[in-house]
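Text of coords-v2.cif, listed as mmCIF, C-alpha atoms:
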```
data_query
#
loop_
_atom_site.label_atom_id
_atom_site.label_comp_id
_atom_site.auth_asym_id
_atom_site.auth_seq_id
_atom_site.Cartn_x
_atom_site.Cartn_y
_atom_site.Cartn_z
CA MET A 28 -18.20 -0.57 2.80
CA SER A 29 -14.94 -0.41 0.86
CA PHE A 30 -12.22 2.11 1.62
CA SER A 31 -12.89 3.74 -1.78
CA SER A 32 -16.56 4.20 -0.88
CA VAL A 33 -15.66 5.75 2.46
CA ALA A 34 -13.33 8.23 0.76
CA LYS A 35 -15.90 9.11 -1.93
CA ASP A 36 -18.69 9.54 0.59
CA GLU A 37 -16.49 12.00 2.48
CA LEU A 38 -15.80 13.96 -0.72
CA ILE A 39 -19.41 14.33 -1.82
CA ARG A 40 -20.42 15.71 1.58
CA GLN A 41 -18.25 18.75 0.86
CA ARG A 42 -19.78 21.49 -1.26
CA LEU A 43 -17.48 22.91 -3.90
CA ARG A 44 -17.14 26.66 -3.48
CA GLY A 45 -17.74 28.58 -6.67
CA ASP A 46 -19.27 27.48 -9.96
CA ASP A 47 -15.81 27.40 -11.56
CA ALA A 48 -14.62 24.67 -9.19
CA ALA A 49 -17.96 22.85 -9.53
CA SER A 50 -17.63 22.99 -13.34
CA ALA A 51 -14.10 21.59 -13.14
CA ALA A 52 -15.27 18.66 -11.00
CA HIS A 53 -18.30 18.05 -13.23
CA THR A 54 -16.15 18.10 -16.37
CA ALA A 55 -13.81 15.48 -14.91
CA LEU A 56 -16.76 13.36 -13.78
CA THR A 57 -18.19 13.51 -17.30
CA MET A 58 -14.86 12.72 -18.97
CA THR A 59 -14.35 9.63 -16.78
CA SER A 60 -17.85 8.22 -16.33
CA GLY A 61 -20.13 10.07 -18.76
CA GLY A 62 -21.45 9.04 -22.17
CA LEU A 63 -24.02 9.84 -24.84
CA THR A 64 -27.45 8.32 -25.24
CA LEU A 65 -29.35 8.72 -28.54
CA GLY A 66 -33.00 7.84 -28.74
CA ARG A 67 -36.47 8.99 -29.69
CA GLY A 68 -36.35 11.56 -26.94
CA GLY A 69 -33.29 13.11 -28.48
CA MET A 70 -29.76 13.29 -27.14
CA ALA A 71 -29.05 12.63 -23.45
CA VAL A 72 -25.99 12.32 -21.26
CA HIS A 73 -25.60 9.34 -18.95
CA TYR A 74 -23.20 8.44 -16.13
CA THR A 75 -22.42 4.97 -14.81
CA THR A 76 -21.19 4.44 -11.26
CA GLU A 77 -21.19 1.68 -8.65
CA SER A 78 -21.96 4.17 -5.88
CA GLU A 79 -25.49 5.39 -5.17
CA SER A 80 -24.09 8.37 -3.28
CA VAL A 81 -21.93 9.36 -6.26
CA ALA A 82 -24.99 9.00 -8.50
CA ARG A 83 -26.94 11.41 -6.29
CA TYR A 84 -23.97 13.78 -6.34
CA VAL A 85 -23.90 13.74 -10.16
CA GLU A 86 -27.62 14.57 -10.27
CA LYS A 87 -27.25 17.44 -7.81
CA LEU A 88 -24.12 18.89 -9.41
CA SER A 89 -25.56 18.64 -12.93
CA ARG A 90 -28.76 20.46 -11.98
CA ARG A 91 -26.69 23.13 -10.23
CA LEU A 92 -24.67 23.90 -13.36
CA TYR A 93 -26.90 23.06 -16.34
CA ASP A 94 -30.54 23.22 -17.39
CA VAL A 95 -31.19 19.47 -17.15
CA GLU A 96 -33.50 16.94 -15.53
CA ALA A 97 -31.90 13.89 -13.96
CA SER A 98 -33.13 10.35 -13.34
CA ALA A 99 -31.35 7.33 -11.91
CA LEU A 100 -31.78 3.63 -12.68
CA MET A 101 -30.24 0.74 -10.78
CA SER A 102 -28.93 -2.12 -12.91
CA GLU A 103 -27.44 -5.50 -11.98
CA LYS A 104 -24.97 -7.42 -14.10
CA ARG A 105 -26.10 -10.95 -14.69
CA GLY A 106 -24.25 -13.76 -12.99
CA ARG A 107 -21.94 -11.57 -10.93
CA GLY A 108 -24.38 -9.67 -8.75
CA ALA A 109 -22.42 -6.42 -9.30
CA ARG A 110 -24.73 -3.42 -9.19
CA SER A 111 -24.31 -0.11 -10.95
CA VAL A 112 -26.33 3.07 -11.07
CA ILE A 113 -27.00 4.84 -14.37
CA VAL A 114 -27.83 8.53 -14.10
CA THR A 115 -29.43 10.03 -17.22
CA LEU A 116 -29.59 13.77 -17.92
CA ARG A 117 -32.07 15.26 -20.36
CA GLY A 118 -32.83 18.81 -21.35
CA SER A 119 -31.32 21.73 -23.23
CA GLY A 120 -28.29 21.73 -20.94
CA CYS A 121 -27.09 18.41 -22.36
CA ALA A 122 -25.75 20.17 -25.45
CA ASP A 123 -23.67 22.44 -23.21
CA ILE A 124 -22.29 19.43 -21.32
CA ILE A 125 -21.43 17.62 -24.56
CA GLU A 126 -19.60 20.65 -25.88
CA ALA A 127 -17.81 21.43 -22.61
CA CYS A 128 -16.62 17.89 -22.03
CA GLY A 129 -15.99 16.86 -25.63
CA LEU A 130 -18.17 13.76 -25.51
CA MET A 131 -18.29 13.68 -29.31
CA SER A 132 -14.62 14.46 -29.95
CA VAL A 133 -13.12 11.04 -29.11
CA GLY A 134 -10.29 12.63 -27.15
CA GLU A 135 -9.37 15.28 -29.69
CA GLY A 136 -8.42 18.60 -28.13
CA ASP A 137 -8.98 17.38 -24.59
CA GLY A 138 -5.83 19.10 -23.35
CA GLU A 139 -7.09 22.53 -24.44
CA ARG A 140 -10.59 21.74 -23.23
CA ILE A 141 -9.37 20.73 -19.77
CA ALA A 142 -7.26 23.89 -19.57
CA ARG A 143 -10.44 26.00 -19.80
CA PHE A 144 -11.70 24.48 -16.57
CA THR A 145 -8.42 24.31 -14.63
CA ARG A 146 -7.05 27.85 -14.70
CA SER A 147 -6.83 28.22 -10.93
CA GLU A 148 -5.30 25.87 -8.38
CA ARG A 149 -8.69 25.44 -6.70
CA CYS A 150 -10.21 24.32 -9.99
CA ARG A 151 -7.31 21.98 -10.75
CA ILE A 152 -7.78 20.23 -7.41
CA ALA A 153 -11.54 20.07 -8.02
CA PHE A 154 -10.82 18.48 -11.41
CA VAL A 155 -8.78 15.69 -9.78
CA ARG A 156 -11.56 15.22 -7.22
CA GLY A 157 -14.14 14.83 -9.97
CA ALA A 158 -11.96 12.33 -11.85
CA PHE A 159 -11.51 10.27 -8.68
CA LEU A 160 -15.27 10.28 -8.02
CA GLY A 161 -15.95 9.28 -11.62
CA ALA A 162 -13.44 6.47 -12.14
CA GLY A 163 -11.09 6.33 -9.16
CA SER A 164 -10.44 3.73 -6.50
CA VAL A 165 -8.09 3.24 -3.58
CA SER A 166 -7.25 -0.11 -1.99
CA ASP A 167 -7.86 -0.87 1.65
CA PRO A 168 -4.49 -0.02 3.27
CA GLN A 169 -4.84 -3.14 5.41
CA LYS A 170 -4.29 -5.16 2.22
CA SER A 171 -2.20 -3.09 -0.20
CA TYR A 172 -1.22 0.41 -1.27
CA HIS A 173 -2.78 1.34 -4.62
CA LEU A 174 -4.76 4.31 -5.91
CA GLU A 175 -5.84 4.65 -9.51
CA ILE A 176 -8.03 6.70 -11.84
CA VAL A 177 -9.15 5.11 -15.11
CA CYS A 178 -9.05 7.53 -18.04
CA ARG A 179 -10.59 7.09 -21.47
CA ASN A 180 -7.67 8.70 -23.27
CA GLU A 181 -4.02 9.54 -22.73
CA ALA A 182 -4.54 13.32 -22.72
CA LEU A 183 -6.76 13.16 -19.65
CA GLY A 184 -4.32 10.85 -17.87
CA ARG A 185 -1.36 13.12 -18.56
CA GLU A 186 -3.27 16.18 -17.37
CA LEU A 187 -4.09 14.46 -14.08
CA ILE A 188 -0.44 13.44 -13.65
CA SER A 189 0.61 17.04 -14.30
CA ILE A 190 -1.74 18.40 -11.63
CA LEU A 191 -0.66 15.78 -9.10
CA SER A 192 3.00 16.48 -9.86
CA GLU A 193 2.47 20.16 -9.00
CA HIS A 194 1.59 19.01 -5.49
CA GLY A 195 4.51 16.62 -5.07
CA VAL A 196 2.66 13.42 -5.98
CA ARG A 197 4.53 10.93 -8.18
CA ALA A 198 1.91 9.25 -10.35
CA LYS A 199 2.42 6.99 -13.35
CA LEU A 200 0.38 6.15 -16.47
CA ARG A 201 -0.14 2.76 -18.07
CA GLU A 202 -2.43 1.34 -20.73
CA ARG A 203 -5.05 -1.20 -19.71
CA LYS A 204 -6.99 -2.64 -22.62
CA GLU A 205 -8.58 0.43 -24.27
CA THR A 206 -8.04 2.80 -21.34
CA HIS A 207 -5.18 4.69 -19.70
CA VAL A 208 -4.76 4.32 -15.94
CA VAL A 209 -3.18 6.92 -13.67
CA TYR A 210 -1.88 5.09 -10.62
CA VAL A 211 0.01 5.72 -7.38
CA LYS A 212 1.58 2.92 -5.32
CA GLU A 213 3.66 4.77 -2.71
CA ALA A 214 1.80 4.92 0.59
CA ASP A 215 2.76 8.49 1.50
CA MET A 216 1.79 9.64 -2.00
CA ILE A 217 -1.63 7.97 -1.75
CA SER A 218 -2.44 9.70 1.53
CA GLY A 219 -1.22 12.91 -0.12
CA VAL A 220 -3.72 12.50 -2.99
CA LEU A 221 -6.59 11.86 -0.57
CA ALA A 222 -5.71 14.94 1.47
CA LEU A 223 -5.27 17.05 -1.65
CA ILE A 224 -8.75 16.36 -3.01
CA GLY A 225 -10.39 16.86 0.40
CA ALA A 226 -10.74 13.34 1.83
CA HIS A 227 -8.91 14.31 5.01
CA ASP A 228 -10.52 11.71 7.29
CA ALA A 229 -9.73 8.97 4.80
CA ALA A 230 -6.12 10.22 4.57
CA LEU A 231 -5.79 10.15 8.37
CA ARG A 232 -7.27 6.65 8.52
CA PHE A 233 -4.89 5.55 5.76
CA GLU A 234 -1.89 6.88 7.70
CA GLU A 235 -3.12 5.29 10.93
CA VAL A 236 -3.39 1.85 9.34
CA ARG A 237 -0.05 2.34 7.63
CA ALA A 238 1.65 3.22 10.95
CA ILE A 239 0.14 0.18 12.70
CA LYS A 240 1.30 -2.09 9.85
CA SER A 241 4.80 -0.62 10.07
CA ILE A 242 4.96 -1.23 13.83
CA ASN A 243 3.70 -4.79 13.43
CA ASN A 244 6.24 -5.45 10.69
CA ASP A 245 9.04 -4.16 12.93
CA ILE A 246 7.84 -6.37 15.79
CA ASN A 247 7.72 -9.40 13.49
CA ARG A 248 11.21 -8.63 12.16
CA ILE A 249 12.60 -8.36 15.68
CA GLY A 250 10.80 -11.54 16.70
CA ASN A 251 12.15 -13.41 13.69
CA CYS A 252 15.68 -12.23 14.49
CA ASP A 253 15.30 -13.34 18.10
CA VAL A 254 14.08 -16.77 17.03
CA ALA A 255 16.92 -17.10 14.52
CA ASN A 256 19.49 -16.05 17.13
CA MET A 257 18.08 -18.50 19.66
CA GLN A 258 18.24 -21.29 17.10
CA LYS A 259 21.86 -20.43 16.23
CA THR A 260 22.77 -20.33 19.94
CA ALA A 261 21.15 -23.72 20.54
CA GLU A 262 22.90 -25.29 17.54
CA ALA A 263 26.28 -23.89 18.60
CA ALA A 264 25.79 -25.08 22.18
CA ALA A 265 24.91 -28.59 20.97
CA LEU A 266 28.08 -28.76 18.83
CA GLN A 267 30.17 -27.51 21.74
CA ALA A 268 28.71 -30.11 24.10
CA LYS A 269 29.35 -32.87 21.55
CA GLY A 270 32.96 -31.75 21.12
CA ILE A 271 33.56 -31.60 24.89
CA GLU A 272 32.11 -35.11 25.28
CA LEU A 273 34.66 -36.33 22.74
CA ILE A 274 37.47 -34.65 24.69
CA SER A 275 36.19 -36.22 27.92
CA ARG A 276 35.99 -39.65 26.31
CA ARG A 277 39.39 -39.61 24.58
CA MET A 278 41.62 -37.74 27.04
CA GLY A 279 39.56 -36.79 30.10
CA LEU A 280 38.59 -33.28 31.17
CA GLU A 281 40.91 -33.49 34.18
CA ARG A 282 43.89 -33.22 31.84
CA LEU A 283 42.73 -29.81 30.56
CA PRO A 284 44.13 -26.53 31.92
CA ASN A 285 41.96 -25.25 34.77
CA GLY A 286 40.33 -22.45 32.73
CA LEU A 287 39.38 -24.76 29.85
CA ARG A 288 38.12 -27.44 32.24
CA GLN A 289 35.84 -24.99 34.04
CA VAL A 290 34.25 -23.82 30.78
CA ALA A 291 33.95 -27.42 29.50
CA GLU A 292 32.17 -28.59 32.65
CA ALA A 293 29.92 -25.51 32.65
CA ARG A 294 28.87 -26.22 29.05
CA LEU A 295 28.10 -29.89 29.78
CA ASN A 296 26.03 -28.88 32.81
CA ASN A 297 24.21 -26.07 30.92
CA ARG A 298 23.71 -27.32 27.37
CA GLU A 299 21.21 -24.63 26.35
CA ALA A 300 22.88 -21.67 28.07
CA SER A 301 24.10 -18.70 26.02
CA LEU A 302 27.65 -17.37 26.24
CA ASN A 303 26.37 -14.58 28.47
CA ASP A 304 24.77 -17.09 30.83
CA LEU A 305 28.00 -19.11 31.06
CA ALA A 306 30.01 -15.93 31.64
CA VAL A 307 27.76 -14.94 34.55
CA GLU A 308 27.98 -18.42 36.08
CA LEU A 309 31.77 -18.55 35.86
CA GLY A 310 32.32 -14.92 36.80
CA ILE A 311 34.39 -14.13 33.72
CA GLY A 312 33.86 -12.09 30.56
CA ARG A 313 31.81 -13.29 27.59
CA SER A 314 34.81 -12.95 25.29
CA ALA A 315 36.84 -15.18 27.62
CA VAL A 316 34.12 -17.86 27.50
CA ASN A 317 34.00 -17.64 23.71
CA TYR A 318 37.79 -17.85 23.41
CA ARG A 319 38.01 -20.94 25.65
CA LEU A 320 35.15 -22.70 23.86
CA SER A 321 36.89 -22.00 20.54
CA LYS A 322 40.06 -23.65 21.90
CA LEU A 323 38.03 -26.64 23.06
CA MET A 324 36.44 -26.96 19.60
CA ARG A 325 39.86 -26.90 17.93
CA LEU A 326 41.05 -29.61 20.32
CA ALA A 327 37.93 -31.68 19.54
CA ASP A 328 38.65 -31.32 15.79
CA GLU A 329 42.20 -32.60 16.36
CA LEU A 330 40.87 -35.61 18.26
CA ARG A 331 38.34 -36.35 15.52
CA SER A 332 41.13 -36.35 12.94
CA LYS A 333 43.32 -38.54 15.14
CA TYR A 334 40.69 -41.14 16.02
CA GLY A 335 38.55 -40.88 12.90
CA GLU A 336 35.39 -39.88 14.73
CA GLU A 337 32.56 -37.74 13.45
#
```
Exercise: express the given structure as structure tokens:
Amino acid sequence: MSFSSVAKDELIRQRLRGDDAASAAHTALTMTSGGLTLGRGGMAVHYTTESESVARYVEKLSRRLYDVEASALMSEKRGRGARSVIVTLRGSGCADIIEACGLMSVGEGDGERIARFTRSERCRIAFVRGAFLGAGSVSDPQKSYHLEIVCRNEALGRELISILSEHGVRAKLRERKETHVVYVKEADMISGVLALIGAHDAALRFEEVRAIKSINNDINRIGNCDVANMQKTAEAAALQAKGIELISRRMGLERLPNGLRQVAEARLNNREASLNDLAVELGIGRSAVNYRLSKLMRLADELRSKYGEE
């Protein structure tokens, strides 16, 4: 089951308190996933969803609010195996739904229409919940951070953004073909949307996965730094050993001052040791080891220039 399905199943298990909040959710559901059907039996309202549980929720909520009969039909798109459920409402209440949700207005006056159903904060949150159930999705946080609600017109999208903004959520709107998509990509904002509309378990799960990913990323970063530092230490040690071998070959280590000779011999005997390791072995400070190795490398460079060696 997808993360979106888990979140939606959690939402539909919660009964909306008050017919005003239920009407707000139903209006948003209709505006995002509802449509008109004209036939011999007269005018009907239909809803299309990929979730059987959402389909049952639409039936139940519609019968609660309007004088309608509901039926559901499973359909399967050819060649892709994608299933969808079509819920059809018939009865005298369909006219009330059409008028309330503006199914025949092609987006005209949707702002004013939505305002009738979103006068209280409780109803505004219920409206966002309904829109998410009708045409929303949220990515599995294991893979990416993305929540979106597909809207049929710009007015609906901007109203949703306004409501989310009131609760500190930064959402954006973009056109996609003939629709407008409200989307959120910031992880903390996505968990905020889920908690706002009542999917508290999904929000907690989202934050849990997000925290684990953050810890793993930190561990990987630290590990990568350690590997890079080890590689740099090994490369520097190899260059130092090569330079000291040149000094030994061209002038002999015995001719070096005692402090330089000790560090030179220690490096040749411990070619993979870090500066800290050499410092411990010689009983001197790390900075002293680094200083003496730098002097040895300068001497090696002078010998390379003098004898024309690489």
- [ ] Convert the output of the PyMOL selection byres ((chain A and resi 59-66) around 8) on the shown file into explicit residues, formatted as a list in words.
- [x] Ala55, Leu56, Thr57, Met58, Arg67, Gly68, Gly69, Met70, Ala71, Val72, His73, Tyr74, Thr75, Thr76, Leu130, Ala158, Gly161, Ala162, Val177, Cys178 and Arg179 of chain A
Task: Counting only C-alpha atoms, the option among A:His227, A:Arg201, A:Arg277, A:Arg40 closest to Leu326 in chain A - done: A:Arg277
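CA of Phe144 in chain A is positioned 7.1 Å from CA of Asp47 in chain A.
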Open item on the list: So that I can see what lies close to Leu223 in chain A, please list as number ranges by chain the residues with an atom at most 10 Å from it, counting only C-alpha atoms and leaving out residues fewer than 4 positions away in the same chain.
Closed with: A: 152-153, 155-156, 191, 194, 196, 217-219, 227, 230
Open item on the list: Going by the chain IDs and residue numbers used in this file, which residues fall under the PyMOL selection byres ((chain A and resi 165-168) around 12)? Write them as a ChimeraX atom specification.
Closed with: /A:28-35,159-160,162-164,169-177,209-218,220-221,226,229-241
- [ ] Have a look at CA of Asp304 in chain A and CA of Leu330 in chain A and let me know their distance in Å, one decimal.
- [x]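 That distance, rounded to one decimal, is 27.6 Å.
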Distance query Ala99 in chain A at most 12 Å, all atoms listed in the file, self and fewer than 2 positions along chain excluded, as a CSV table (one decimal) with C-alpha atoms, in the coordinates of the input:
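So part02.csv came out as:
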```
chain,number,residue,atom,x,y,z
A,72,VAL,CA,-26.0,12.3,-21.3
A,73,HIS,CA,-25.6,9.3,-19.0
A,74,TYR,CA,-23.2,8.4,-16.1
A,75,THR,CA,-22.4,5.0,-14.8
A,76,THR,CA,-21.2,4.4,-11.3
A,78,SER,CA,-22.0,4.2,-5.9
A,79,GLU,CA,-25.5,5.4,-5.2
A,80,SER,CA,-24.1,8.4,-3.3
A,81,VAL,CA,-21.9,9.4,-6.3
A,82,ALA,CA,-25.0,9.0,-8.5
A,83,ARG,CA,-26.9,11.4,-6.3
A,84,TYR,CA,-24.0,13.8,-6.3
A,85,VAL,CA,-23.9,13.7,-10.2
A,86,GLU,CA,-27.6,14.6,-10.3
A,87,LYS,CA,-27.2,17.4,-7.8
A,96,GLU,CA,-33.5,16.9,-15.5
A,97,ALA,CA,-31.9,13.9,-14.0
A,101,MET,CA,-30.2,0.7,-10.8
A,102,SER,CA,-28.9,-2.1,-12.9
A,111,SER,CA,-24.3,-0.1,-11.0
A,112,VAL,CA,-26.3,3.1,-11.1
A,113,ILE,CA,-27.0,4.8,-14.4
A,114,VAL,CA,-27.8,8.5,-14.1
A,115,THR,CA,-29.4,10.0,-17.2
A,116,LEU,CA,-29.6,13.8,-17.9
A,117,ARG,CA,-32.1,15.3,-20.4
```
Open item on the list: Report as a ChimeraX atom specification all protein, DNA and RNA residues lying within 10 Å of range 253-267 of chain A, evaluated on all atoms listed in the file, omitting residues in the same chain fewer than 3 positions from it.
Closed with: /A:247-250,270-273,291,294-295,297-302,320-321,323-324,327
Box time for range 261-275 of chain A: axis-aligned, enclosing all its listed atoms, 4 Å extra on each side; report centre and edge lengths in Å to one decimal, as AutoDock Vina command-line options.
```
--center_x 29.3 --center_y -30.0 --center_z 22.7 --size_x 24.3 --size_y 20.6 --size_z 18.4
```
- [ ] Determine the nearest neighbour of Gly286 in chain A from the options A:Arg185, A:Arg149, A:Arg90, A:Arg319, counting all atoms listed in the file.
- [x] A:Arg319
TODO: Enter the distance from CA of Ile39 in chain A to CA of Arg151 in chain A, in Å, rounded to one decimal.
DONE: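 That distance, rounded to one decimal, is 16.9 Å.
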